[in-house]
$ cat run_26.txt   # compact mmCIF, C-alpha atoms
# COMPACT_ATOMS: atom_id res chain seq x y z
CA MET F 1 124.56 74.85 94.96
CA ASN F 2 125.94 74.29 98.47
CA ARG F 3 126.10 76.82 101.26
CA THR F 4 129.64 77.74 102.31
CA LYS F 5 130.85 77.94 105.89
CA GLY F 6 130.66 81.68 105.85
CA ASP F 7 127.08 81.96 104.60
CA GLU F 8 125.45 81.65 108.01
CA GLU F 9 128.22 83.78 109.51
CA GLU F 10 127.08 86.53 107.17
CA TYR F 11 123.60 86.23 108.64
CA TRP F 12 124.83 87.30 112.06
CA ASN F 13 127.39 89.85 110.86
CA SER F 14 125.42 91.65 108.20
CA SER F 15 123.32 94.62 109.21
CA LYS F 16 120.95 94.00 106.30
CA PHE F 17 119.28 91.19 108.26
CA LYS F 18 116.69 92.29 110.73
CA ALA F 19 115.80 90.51 113.93
CA PHE F 20 112.82 88.23 114.37
CA THR F 21 110.34 89.13 117.00
CA PHE F 22 107.24 87.31 118.16
CA ASP F 23 105.18 90.11 116.62
CA ASP F 24 106.70 89.95 113.12
CA GLU F 25 104.39 89.72 110.15
CA ASP F 26 105.68 88.36 106.83
CA ASP F 27 105.79 90.75 103.91
CA GLU F 28 107.54 88.94 101.08
CA LEU F 29 106.52 91.52 98.53
CA SER F 30 107.89 94.51 100.45
CA GLN F 31 110.46 95.40 97.81
CA LEU F 32 107.88 95.18 95.02
CA LYS F 33 105.17 96.98 96.97
CA GLU F 34 107.46 99.82 98.08
CA SER F 35 107.12 101.61 94.78
CA LYS F 36 103.38 100.92 94.55
CA ARG F 37 102.85 102.21 98.09
CA ALA F 38 104.76 105.34 97.16
CA VAL F 39 102.37 105.84 94.27
CA ASN F 40 99.29 105.38 96.38
CA SER F 41 100.45 107.45 99.33
CA LEU F 42 102.22 110.25 97.52
CA ARG F 43 104.84 108.86 97.74
CA ASP F 44 117.00 87.83 97.81
CA PHE F 45 118.53 79.29 98.54
CA VAL F 46 119.96 75.59 98.53
CA ASP F 47 120.87 72.06 99.70
CA ASP F 48 122.58 71.91 103.06
CA ASP F 49 126.12 70.72 103.40
CA ASP F 50 125.52 69.17 106.81
CA ASP F 51 129.13 69.50 107.91
CA ASP F 52 129.14 73.23 107.51
CA ASP F 53 126.11 74.48 109.36
CA LEU F 54 127.72 75.33 112.70
CA GLU F 55 131.12 76.42 111.48
CA ARG F 56 132.09 79.94 112.48
CA VAL F 57 128.64 81.45 112.73
CA SER F 58 129.15 84.84 114.29
CA TRP F 59 126.70 85.80 116.99
CA SER F 60 126.94 89.53 117.03
CA GLY F 61 124.38 92.28 117.08
CA GLU F 62 120.83 91.35 118.01
CA PRO F 63 119.99 88.16 116.15
CA VAL F 64 116.68 86.43 115.76
CA GLY F 65 114.29 87.66 118.41
CA SER F 66 116.94 88.20 121.02
CA ARG F 67 116.87 90.69 123.80
CA THR F 68 120.29 92.34 123.80
CA ARG F 69 122.10 91.80 127.06
CA PRO F 70 125.63 91.53 128.52
CA GLY F 71 127.29 88.16 128.00
CA SER F 72 125.89 87.49 124.51
CA PHE F 73 127.91 85.05 122.41
CA GLN F 74 130.69 86.55 120.36
CA SER F 75 130.35 83.65 117.93
CA LEU F 76 128.15 80.62 117.71
CA SER F 77 131.23 78.39 117.68
CA ASP F 78 132.09 79.87 121.09
CA ALA F 79 128.84 78.43 122.42
CA LEU F 80 128.42 75.30 120.29
CA SER F 81 130.88 72.76 118.97
CA ASP F 82 130.68 69.53 116.98
CA THR F 83 134.01 68.36 118.45
CA PRO F 84 134.65 67.26 122.05
CA ALA F 85 135.14 70.14 124.39
CA LYS F 86 138.65 69.10 125.37
CA SER F 87 139.82 69.46 121.74
CA TYR F 88 138.69 73.06 121.35
CA ALA F 89 139.37 74.43 124.81
CA PRO F 90 142.96 75.42 123.94
CA GLU F 91 141.67 77.26 120.86
CA LEU F 92 139.57 79.41 123.13
CA GLY F 93 142.67 80.43 125.01
CA ARG F 94 141.89 78.64 128.30
CA PRO F 95 144.92 78.29 130.64
CA LYS F 96 146.08 74.74 131.23
CA GLY F 97 144.34 73.08 134.14
CA GLU F 98 141.42 75.50 134.07
CA TYR F 99 139.09 73.41 131.88
CA ARG F 100 137.08 70.51 133.20
CA ASP F 101 134.39 68.83 131.06
CA TYR F 102 131.07 68.67 132.84
CA SER F 103 129.05 68.81 129.64
CA ASN F 104 127.92 65.16 129.77
CA ASP F 105 126.17 65.91 133.04
CA TRP F 106 124.17 68.84 131.75
CA SER F 107 120.45 68.36 131.25
CA PRO F 108 118.64 70.14 128.40
CA SER F 109 117.53 72.74 130.90
CA ASP F 110 121.10 73.27 132.18
CA THR F 111 122.39 73.52 128.64
CA VAL F 112 119.83 76.11 127.63
CA ARG F 113 120.59 78.20 130.71
CA ARG F 114 124.31 78.12 129.89
CA LEU F 115 123.63 79.09 126.30
CA ARG F 116 121.48 81.95 127.48
CA LYS F 117 124.32 83.21 129.68
CA GLY F 118 126.73 83.02 126.74
CA LYS F 119 128.74 80.16 128.20
CA VAL F 120 130.51 77.45 126.18
CA CYS F 121 128.70 74.16 125.79
CA SER F 122 128.33 71.34 123.26
CA LEU F 123 125.01 70.03 122.01
CA GLU F 124 126.50 66.82 120.55
CA ARG F 125 125.60 64.74 123.60
CA PHE F 126 121.94 65.14 122.72
CA ARG F 127 121.64 62.22 120.30
CA SER F 128 118.12 60.89 120.71
CA LEU F 129 115.15 62.62 119.14
CA GLN F 130 113.53 62.91 122.56
CA ASP F 131 116.54 64.75 124.00
CA LYS F 132 116.75 67.07 121.03
CA LEU F 133 113.08 67.97 121.25
CA GLN F 134 113.36 68.54 124.99
CA LEU F 135 116.28 70.83 124.29
CA LEU F 136 114.17 72.77 121.82
CA GLU F 137 111.22 73.04 124.20
CA GLU F 138 113.49 74.34 126.95
CA ALA F 139 114.86 76.96 124.56
CA VAL F 140 111.36 78.07 123.54
CA SER F 141 110.29 78.32 127.17
CA MET F 142 113.11 80.82 127.73
CA HIS F 143 111.64 83.15 125.07
CA ASP F 144 115.20 83.86 123.92
CA GLY F 145 115.62 84.08 120.15
CA ASN F 146 119.39 83.55 120.32
CA VAL F 147 119.01 80.21 122.07
CA ILE F 148 116.04 79.05 120.01
CA THR F 149 117.90 79.71 116.78
CA ALA F 150 121.08 78.03 118.09
CA VAL F 151 119.12 74.87 118.88
CA LEU F 152 117.30 75.01 115.55
CA ILE F 153 120.62 75.16 113.69
CA PHE F 154 121.72 72.06 115.63
CA LEU F 155 118.48 70.23 114.79
CA LYS F 156 118.67 71.30 111.15
CA ARG F 157 122.13 69.72 110.95
CA THR F 158 121.37 66.50 112.84
CA LEU F 159 117.81 65.61 111.80
CA SER F 160 116.34 64.65 108.46
CA LYS F 161 114.12 67.25 106.83
CA GLU F 162 111.04 65.08 107.22
CA ILE F 163 111.51 64.62 110.98
CA LEU F 164 112.45 68.25 111.52
CA PHE F 165 109.42 69.52 109.62
CA ARG F 166 107.05 67.08 111.34
CA GLU F 167 108.16 68.11 114.81
CA LEU F 168 108.16 71.82 114.09
CA GLU F 169 104.66 71.68 112.62
CA VAL F 170 103.32 71.24 116.16
CA ARG F 171 105.74 73.77 117.65
CA GLN F 172 104.68 77.02 116.06
CA VAL F 173 107.06 79.36 117.89
CA ALA F 174 110.10 77.33 116.83
CA LEU F 175 108.62 77.01 113.33
CA ARG F 176 108.31 80.79 112.97
CA HIS F 177 111.92 81.21 114.10
CA LEU F 178 113.15 78.66 111.55
CA ILE F 179 111.16 80.26 108.72
CA HIS F 180 112.53 83.69 109.61
CA PHE F 181 116.09 82.33 109.88
CA LEU F 182 115.89 80.55 106.49
CA LYS F 183 114.55 83.68 104.84
CA GLU F 184 117.30 85.83 106.26
CA ILE F 185 120.19 83.51 105.33
CA GLY F 186 118.64 82.81 101.93
CA ASP F 187 118.20 79.03 102.21
CA GLN F 188 115.47 79.08 99.59
CA LYS F 189 115.49 75.33 98.80
CA LEU F 190 114.88 74.27 102.39
CA LEU F 191 112.30 77.00 102.78
CA LEU F 192 110.40 75.85 99.71
CA ASP F 193 110.55 72.23 100.97
CA LEU F 194 109.16 73.40 104.31
CA PHE F 195 106.28 75.32 102.75
CA ARG F 196 105.41 72.31 100.56
CA PHE F 197 105.35 70.08 103.64
CA LEU F 198 103.13 72.55 105.43
CA ASP F 199 100.90 72.98 102.37
CA ARG F 200 101.26 76.76 102.64
CA THR F 201 100.69 77.45 98.96
CA GLU F 202 100.67 81.24 99.04
CA GLU F 203 103.94 81.42 100.97
CA LEU F 204 105.37 78.84 98.57
CA ALA F 205 104.39 81.10 95.69
CA LEU F 206 105.93 84.14 97.38
CA SER F 207 109.18 82.27 98.03
CA HIS F 208 109.25 81.19 94.38
CA TYR F 209 108.69 84.80 93.35
CA ARG F 210 111.67 85.95 95.43
CA GLU F 211 113.98 83.87 93.23
CA HIS F 212 113.76 86.61 90.59
CA LEU F 213 116.17 88.62 92.74
CA ASN F 214 118.93 86.17 91.80
CA ILE F 215 118.37 86.62 88.05
CA GLN F 216 120.51 89.41 86.64
CA ASP F 217 119.66 89.16 82.94
CA PRO F 218 116.59 91.40 82.43
CA ASP F 219 115.01 89.24 79.70
CA LYS F 220 115.41 86.07 81.79
CA ARG F 221 114.04 87.89 84.81
CA LYS F 222 111.05 89.04 82.80
CA GLU F 223 110.33 85.49 81.62
CA PHE F 224 110.65 84.20 85.18
CA LEU F 225 108.19 86.82 86.41
CA LYS F 226 105.78 85.70 83.72
CA THR F 227 105.82 82.19 85.25
CA CYS F 228 104.83 83.73 88.60
CA ILE F 229 101.63 85.34 87.31
CA GLY F 230 99.50 82.21 87.58
CA LEU F 231 100.74 81.15 91.02
CA PRO F 232 98.31 81.10 94.00
CA PHE F 233 98.87 84.59 95.35
CA SER F 234 96.29 86.71 97.09
CA SER F 235 94.36 88.99 94.75
CA GLU F 236 96.36 92.02 95.87
CA ASP F 237 99.71 90.27 95.42
CA SER F 238 98.63 88.91 92.04
CA ALA F 239 98.08 92.49 90.88
CA HIS F 240 101.54 93.48 92.12
CA ILE F 241 103.15 90.54 90.29
CA GLN F 242 101.37 91.50 87.06
CA ASP F 243 102.47 95.13 87.46
CA HIS F 244 106.06 94.04 88.12
CA TYR F 245 106.10 91.96 84.93
CA THR F 246 104.51 94.71 82.85
CA LEU F 247 106.87 97.37 84.23
CA LEU F 248 110.01 95.33 83.51
CA GLU F 249 108.72 94.47 80.05
CA ARG F 250 108.26 98.16 79.33
CA GLN F 251 111.61 99.14 80.88
CA ILE F 252 113.42 96.71 78.56
CA ILE F 253 111.85 98.38 75.52
CA ILE F 254 112.57 101.93 76.78
CA GLU F 255 116.15 101.05 77.74
CA ALA F 256 116.99 99.59 74.32
CA ASN F 257 115.51 102.58 72.50
CA ASP F 258 117.12 105.22 74.70
CA ARG F 259 120.52 103.54 74.61
CA HIS F 260 120.37 103.72 70.83
CA LEU F 261 119.29 107.39 70.84
CA GLU F 262 122.01 108.34 73.30
CA SER F 263 124.77 106.56 71.37
CA ALA F 264 123.60 108.16 68.12
CA GLY F 265 124.06 111.61 69.69
CA GLN F 266 121.30 113.21 67.66
CA THR F 267 118.73 113.77 70.42
CA GLU F 268 119.18 117.05 72.31
CA ILE F 269 117.88 115.90 75.69
CA PHE F 270 120.40 113.02 75.81
CA ARG F 271 123.25 115.29 74.68
CA LYS F 272 122.53 117.92 77.31
CA HIS F 273 121.63 115.48 80.06
CA PRO F 274 123.41 112.12 79.59
CA ARG F 275 121.77 109.28 81.46
CA LYS F 276 123.45 108.40 84.75
CA ALA F 277 122.04 104.86 85.05
CA SER F 278 119.93 102.26 83.31
CA ILE F 279 116.18 102.35 83.84
CA LEU F 280 116.06 98.54 84.17
CA ASN F 281 114.64 97.20 87.46
CA MET F 282 113.90 100.67 88.78
CA PRO F 283 110.75 101.30 90.87
CA LEU F 284 107.61 102.63 89.25
CA VAL F 285 108.00 106.17 90.60
CA THR F 286 111.60 106.32 89.35
CA THR F 287 110.43 105.12 85.93
CA LEU F 288 107.77 107.82 85.85
CA PHE F 289 110.32 110.52 86.76
CA TYR F 290 112.65 109.24 84.01
CA SER F 291 109.80 109.35 81.52
CA CYS F 292 108.82 112.88 82.55
CA PHE F 293 112.47 113.95 82.25
CA TYR F 294 113.34 112.39 78.87
CA HIS F 295 110.00 111.70 77.17
CA TYR F 296 107.58 114.33 78.46
CA THR F 297 106.12 115.42 75.14
CA GLU F 298 105.70 111.97 73.61
CA ALA F 299 102.30 110.81 72.43
CA GLU F 300 100.25 108.64 74.72
CA GLY F 301 100.57 105.67 72.38
CA THR F 302 104.28 105.20 73.09
CA PHE F 303 105.51 102.97 75.94
CA SER F 304 107.77 105.74 77.28
CA SER F 305 105.01 108.36 77.44
CA PRO F 306 104.34 109.62 81.00
CA ILE F 307 100.60 109.65 80.33
CA ASN F 308 100.78 106.06 79.09
CA LEU F 309 102.56 105.03 82.31
CA LYS F 310 100.00 106.92 84.39
CA LYS F 311 97.07 105.13 82.78
CA THR F 312 98.67 101.68 82.61
CA PHE F 313 99.63 101.60 86.29
CA LYS F 314 96.72 103.76 87.54
CA ILE F 315 99.00 106.37 89.07
CA PRO F 316 96.95 108.93 91.05
CA ASP F 317 96.88 112.56 89.92
CA LYS F 318 98.75 113.77 93.01
CA GLN F 319 101.69 111.40 92.45
CA TYR F 320 101.79 112.14 88.74
CA VAL F 321 101.80 115.92 89.23
CA LEU F 322 104.40 115.69 92.01
CA THR F 323 106.74 113.59 89.84
CA ALA F 324 106.22 115.58 86.65
CA LEU F 325 106.82 118.85 88.53
CA ALA F 326 110.10 117.55 89.99
CA ALA F 327 111.30 116.39 86.55
CA ARG F 328 110.34 119.52 84.60
CA ALA F 329 111.58 121.90 87.31
CA LYS F 330 114.94 120.11 87.32
CA LEU F 331 115.15 120.89 83.60
CA ARG F 332 114.01 124.47 84.32
CA ALA F 333 111.18 123.96 81.84
CA TRP F 334 108.98 126.67 83.38
CA ASN F 335 106.41 126.65 80.57
CA ASP F 336 105.79 122.95 81.21
CA VAL F 337 105.42 123.71 84.90
CA ASP F 338 102.87 126.40 84.14
CA ALA F 339 100.91 124.11 81.82
CA LEU F 340 100.90 121.40 84.47
CA PHE F 341 98.77 123.55 86.75
CA THR F 342 96.64 125.40 84.19
CA THR F 343 93.10 124.15 83.72
CA LYS F 344 90.33 125.44 81.46
CA ASN F 345 86.61 125.30 82.13
CA TRP F 346 83.83 124.81 79.58
CA LEU F 347 83.59 128.54 78.99
CA GLY F 348 87.27 128.74 78.06
CA TYR F 349 88.39 130.45 81.24
CA THR F 350 91.69 129.26 82.71
CA LYS F 351 92.74 128.95 86.31
CA LYS F 352 95.59 127.43 88.27
CA ARG F 353 94.93 124.23 90.19
CA ALA F 354 97.40 122.06 92.17
CA PRO F 355 96.21 118.71 93.58
CA ILE F 356 99.35 118.62 95.74
CA GLY F 357 98.83 122.13 97.12
CA PHE F 358 100.66 125.23 95.93
CA HIS F 359 102.78 125.33 99.09
CA ARG F 360 104.43 122.08 97.90
CA VAL F 361 104.81 123.49 94.42
CA VAL F 362 106.70 126.46 95.85
CA GLU F 363 109.03 124.23 97.90
CA ILE F 364 109.90 122.10 94.83
CA LEU F 365 110.40 125.12 92.61
CA HIS F 366 112.73 126.74 95.15
CA LYS F 367 114.69 123.48 95.49
CA ASN F 368 115.27 123.63 91.75
CA ASN F 369 116.40 127.29 91.83
CA ALA F 370 113.38 128.79 90.15
CA PRO F 371 113.58 132.57 89.51
CA VAL F 372 111.93 134.85 92.06
CA GLN F 373 109.30 135.88 89.55
CA ILE F 374 108.22 132.24 89.12
CA LEU F 375 108.26 131.68 92.87
CA GLN F 376 106.18 134.78 93.55
CA GLU F 377 103.50 133.70 91.12
CA TYR F 378 103.00 130.38 92.94
CA VAL F 379 103.39 131.81 96.45
CA ASN F 380 100.53 134.15 95.60
CA LEU F 381 98.39 131.12 94.80
CA VAL F 382 98.72 129.72 98.33
CA GLU F 383 95.32 130.20 99.96
CA ASP F 384 96.26 130.16 103.64
CA VAL F 385 97.51 133.65 104.48
CA ASP F 386 99.91 132.62 107.24
CA THR F 387 101.45 129.93 105.04
CA LYS F 388 101.73 132.40 102.19
CA LEU F 389 103.51 134.98 104.38
CA ASN F 390 105.87 132.37 105.82
CA LEU F 391 106.83 131.08 102.37
CA ALA F 392 107.19 134.57 100.91
CA THR F 393 109.42 135.64 103.81
CA LYS F 394 111.46 132.42 103.67
CA PHE F 395 112.12 132.71 99.93
CA LYS F 396 112.42 136.53 99.86
CA CYS F 397 109.40 137.12 97.69
CA HIS F 398 109.25 140.75 98.84
CA ASP F 399 106.34 141.91 96.71
CA VAL F 400 104.14 139.12 98.03
CA VAL F 401 104.92 140.01 101.64
CA ILE F 402 104.33 143.73 101.05
CA ASP F 403 101.07 143.23 99.18
CA THR F 404 99.77 140.74 101.74
CA CYS F 405 100.53 143.08 104.64
CA ARG F 406 98.76 145.85 102.78
CA ASP F 407 95.70 143.71 102.16
CA LEU F 408 95.66 142.72 105.82
CA LYS F 409 96.10 146.38 106.80
CA ASP F 410 98.86 145.20 109.12
CA ARG F 411 101.06 148.29 109.49
CA GLN F 412 103.23 146.82 112.26
CA GLN F 413 104.14 143.72 110.27
CA LEU F 414 104.91 145.84 107.21
CA LEU F 415 107.06 148.17 109.29
CA ALA F 416 108.94 145.20 110.72
CA TYR F 417 109.52 143.76 107.22
CA ARG F 418 111.02 147.08 106.06
CA SER F 419 114.25 146.19 107.91
CA LYS F 420 114.58 142.99 105.86
CA VAL F 421 114.79 144.64 102.43
CA ASP F 422 117.80 146.45 100.98
CA LYS F 423 118.10 150.14 101.74
CA GLY F 424 117.27 152.30 98.78
CA SER F 425 115.65 149.38 96.97
CA ALA F 426 112.40 149.53 95.07
CA GLU F 427 110.88 147.37 97.79
CA GLU F 428 111.81 149.87 100.49
CA GLU F 429 110.31 152.72 98.47
CA LYS F 430 107.12 150.70 98.00
CA ILE F 431 106.85 150.07 101.72
CA ASP F 432 107.42 153.74 102.56
CA ALA F 433 104.76 154.80 100.10
CA LEU F 434 102.24 152.46 101.66
CA LEU F 435 103.12 153.49 105.21
CA SER F 436 102.58 157.15 104.38
CA SER F 437 99.36 156.60 102.46
CA SER F 438 96.29 158.23 103.94
CA GLN F 439 93.99 156.01 101.91
CA ILE F 440 94.75 152.84 103.91
CA ARG F 441 92.97 152.41 107.18
CA TRP F 442 95.52 150.39 109.14
CA LYS F 443 94.27 148.07 111.84
CA ASN F 444 97.29 148.69 114.07

$ encode --input "run_26.txt" --output "structure tokens"
Amino acid sequence: MNRTKGDEEEYWNSSKFKAFTFDDEDDELSQLKESKRAVNSLRDFVDDDDDDDLERVSWSGEPVGSRTRPGSFQSLSDALSDTPAKSYAPELGRPKGEYRDYSNDWSPSDTVRRLRKGKVCSLERFRSLQDKLQLLEEAVSMHDGNVITAVLIFLKRTLSKEILFRELEVRQVALRHLIHFLKEIGDQKLLLDLFRFLDRTEELALSHYREHLNIQDPDKRKEFLKTCIGLPFSSEDSAHIQDHYTLLERQIIIEANDRHLESAGQTEIFRKHPRKASILNMPLVTTLFYSCFYHYTEAEGTFSSPINLKKTFKIPDKQYVLTALAARAKLRAWNDVDALFTTKNWLGYTKKRAPIGFHRVVEILHKNNAPVQILQEYVNLVEDVDTKLNLATKFKCHDVVIDTCRDLKDRQQLLAYRSKVDKGSAEEEKIDALLSSSQIRWKN
């Protein structure tokens, strides 16, 4: 598979590519780890077509490691050309008589300075390896990512892989820029060749793993992931790879079963709430939400059971409760919500317990339009008095506000709240009765 002329242009034009900086740290598993991090914190290569590398590569935005400044190149072909300058000057719209070719007189240092200023120059005069390496060293000394990457693209096109890799091995700054550039444009084949040359086995494994992003068929992707399990990853990354394989394997089973149930039209949950998307390739947290929404009451032995997912992937209690609450509240299944927070001790007594805090429970319930009676019950379970009063006032849980003011013996706050309830309402009558009571010793 050969890279087209527009592939590297996409690198500079697309906002999905982020800039390289000297402080960057690689994180090849970021897409896989994102879901896992959410659980633990509560919460996309190819042989070169040498003739194409420098064609129409746009130089917009803030590319690799560059400091944005006036005079940046509008396109790489404005700054570099593999044809003599006199042949492309008219294409750049230069008036006749204005252009004079001094490029053969420019030293590597002069050339780099012109590139840095965004001026037009050709690198083709640098034919010897010594000149090319001097050009690269001058670019690195400028600490300008635009220029470094421009020179690297030229070297990538004009040197053999073996020579390029050998010279970059002892030039670590340029090497990091090339690795970052190859990752961003998706030149996986050259990147893998580079890692093999450098004997960087873990990065080689990570680059191999990334190829799964190009596999659309879920069964083929699953089998590819299986081949990644034995590769030389770090222990942490090995666990993530295993989890990714296991999750996709399970999603394939759930998807096939649920598609059948939905098409049969005999399962109430799928009739009332048709699925909006496939569960395939979704993150772990999304899969858990889906399971809590469609399969909440299933036995632990089934792959789609929320409890089974929790145990298999070691999902913490806080994340499980947060996700289950969101799913059941969306369905307005208030009995399931109540059971989620009800615990029983060895004597048989029950109490409400929320590992995520009842203030978060209230916010999620309100977001899902829970009735006031349900809201009031959980607002009352908030331990911090100020937080309780703020939530009760915010969500118009009048009885909670009135009772809390009474318990605090805060007559002034109760009097002030009287203006926020409807005139003639039961809440107003309750406030008036308390204000006139001689049995309450108000503190103000």

$ atom_distance --input "run_26.txt" --atom1 "CA of Gly145 in chain F" --atom2 "CA of Thr111 in chain F"
15.1 Å

$ residues_around --input "run_26.txt" --residues "range 274-278 of chain F" --least-positions-apart "5" --cutoff "8 Å" --atoms "only C-alpha atoms" --output "list in words"
Glu255, Glu262 and Ile269 of chain F

$ atom_distance --input "run_26.txt" --atom1 "CA of Leu247 in chain F" --atom2 "CA of Lys222 in chain F"
9.4 Å

$ closest_atom_pairs --input "run_26.txt" --of "range 323-428 of chain F" --to "range 294-317 of chain F" --cutoff "10 Å" --atoms "all atoms listed in the file" --output "JSON lines"
{"residue": "F:Thr323", "atom": "CA", "partner": "F:Asp317", "partner_atom": "CA", "distance": 9.9}
{"residue": "F:Ala324", "atom": "CA", "partner": "F:Tyr296", "partner_atom": "CA", "distance": 8.4}
{"residue": "F:Ala327", "atom": "CA", "partner": "F:Tyr294", "partner_atom": "CA", "distance": 8.9}
{"residue": "F:Arg328", "atom": "CA", "partner": "F:Tyr296", "partner_atom": "CA", "distance": 8.5}
{"residue": "F:Leu331", "atom": "CA", "partner": "F:Tyr294", "partner_atom": "CA", "distance": 9.9}
{"residue": "F:Asp336", "atom": "CA", "partner": "F:Tyr296", "partner_atom": "CA", "distance": 9.2}
{"residue": "F:Ala354", "atom": "CA", "partner": "F:Asp317", "partner_atom": "CA", "distance": 9.8}
{"residue": "F:Pro355", "atom": "CA", "partner": "F:Asp317", "partner_atom": "CA", "distance": 7.2}
{"residue": "F:Ile356", "atom": "CA", "partner": "F:Asp317", "partner_atom": "CA", "distance": 8.8}

$ atom_distance --input "run_26.txt" --atom1 "CA of Phe289 in chain F" --atom2 "CA of Ala329 in chain F"
11.5 Å

$ closest_residue --input "run_26.txt" --among "F:His359, F:Arg125, F:Lys189, F:Arg171" --to "Asn390 in chain F" --atoms "all atoms listed in the file"
F:His359

$ closest_residue --input "run_26.txt" --among "F:Leu415, F:Leu192, F:Pro371, F:Gln439" --to "Lys396 in chain F" --atoms "only C-alpha atoms"
F:Pro371

$ closest_residue --input "run_26.txt" --among "F:Leu434, F:Leu347, F:Ile364, F:Leu191" --to "Arg332 in chain F" --atoms "all atoms listed in the file"
F:Ile364

$ closest_residue --input "run_26.txt" --among "F:Tyr349, F:Glu137, F:Cys121, F:Leu375" --to "Lys394 in chain F" --atoms "all atoms listed in the file"
F:Leu375

$ closest_residue --input "run_26.txt" --among "F:Gln251, F:Thr158, F:Thr149, F:Ser419" --to "Arg176 in chain F" --atoms "only C-alpha atoms"
F:Thr149

$ closest_residue --input "run_26.txt" --among "F:Gln172, F:Asn146, F:Ser438, F:Ser207" --to "Gly118 in chain F" --atoms "only C-alpha atoms"
F:Asn146

$ build_atoms --input "run_26.txt" --residues "range 402-406 of chain F" --atoms "all heavy atoms" --output "mmCIF file, in the coordinates of the input"
data_model
loop_
_atom_site.group_PDB
_atom_site.id
_atom_site.type_symbol
_atom_site.label_atom_id
_atom_site.label_comp_id
_atom_site.auth_asym_id
_atom_site.auth_seq_id
_atom_site.Cartn_x
_atom_site.Cartn_y
_atom_site.Cartn_z
ATOM 1 N N ILE F 402 104.810 142.348 100.969
ATOM 2 C CA ILE F 402 104.330 143.730 101.050
ATOM 3 C C ILE F 402 102.849 143.818 100.696
ATOM 4 O O ILE F 402 102.043 144.422 101.421
ATOM 5 C CB ILE F 402 105.168 144.635 100.126
ATOM 6 C CG1 ILE F 402 106.628 144.674 100.603
ATOM 7 C CG2 ILE F 402 104.575 146.042 100.056
ATOM 8 C CD1 ILE F 402 107.589 145.322 99.611
ATOM 9 N N ASP F 403 102.470 143.176 99.605
ATOM 10 C CA ASP F 403 101.070 143.230 99.180
ATOM 11 C C ASP F 403 100.142 142.545 100.180
ATOM 12 O O ASP F 403 99.016 143.018 100.424
ATOM 13 C CB ASP F 403 100.911 142.596 97.804
ATOM 14 C CG ASP F 403 101.592 143.404 96.695
ATOM 15 O OD1 ASP F 403 101.919 144.582 96.944
ATOM 16 O OD2 ASP F 403 101.808 142.841 95.596
ATOM 17 N N THR F 404 100.607 141.447 100.771
ATOM 18 C CA THR F 404 99.770 140.740 101.740
ATOM 19 C C THR F 404 99.580 141.551 103.009
ATOM 20 O O THR F 404 98.460 141.631 103.551
ATOM 21 C CB THR F 404 100.388 139.367 102.065
ATOM 22 O OG1 THR F 404 100.565 138.611 100.859
ATOM 23 C CG2 THR F 404 99.503 138.583 103.017
ATOM 24 N N CYS F 405 100.643 142.213 103.466
ATOM 25 C CA CYS F 405 100.530 143.080 104.640
ATOM 26 C C CYS F 405 99.589 144.250 104.370
ATOM 27 O O CYS F 405 98.793 144.660 105.231
ATOM 28 C CB CYS F 405 101.906 143.598 105.056
ATOM 29 S SG CYS F 405 102.986 142.340 105.768
ATOM 30 N N ARG F 406 99.668 144.762 103.166
ATOM 31 C CA ARG F 406 98.760 145.850 102.780
ATOM 32 C C ARG F 406 97.317 145.384 102.793
ATOM 33 O O ARG F 406 96.431 146.066 103.346
ATOM 34 C CB ARG F 406 99.137 146.353 101.387
ATOM 35 C CG ARG F 406 98.215 147.451 100.834
ATOM 36 C CD ARG F 406 98.320 147.518 99.321
ATOM 37 N NE ARG F 406 97.853 146.263 98.712
ATOM 38 C CZ ARG F 406 98.200 145.876 97.495
ATOM 39 N NH1 ARG F 406 98.995 146.619 96.734
ATOM 40 N NH2 ARG F 406 97.749 144.737 97.036
#
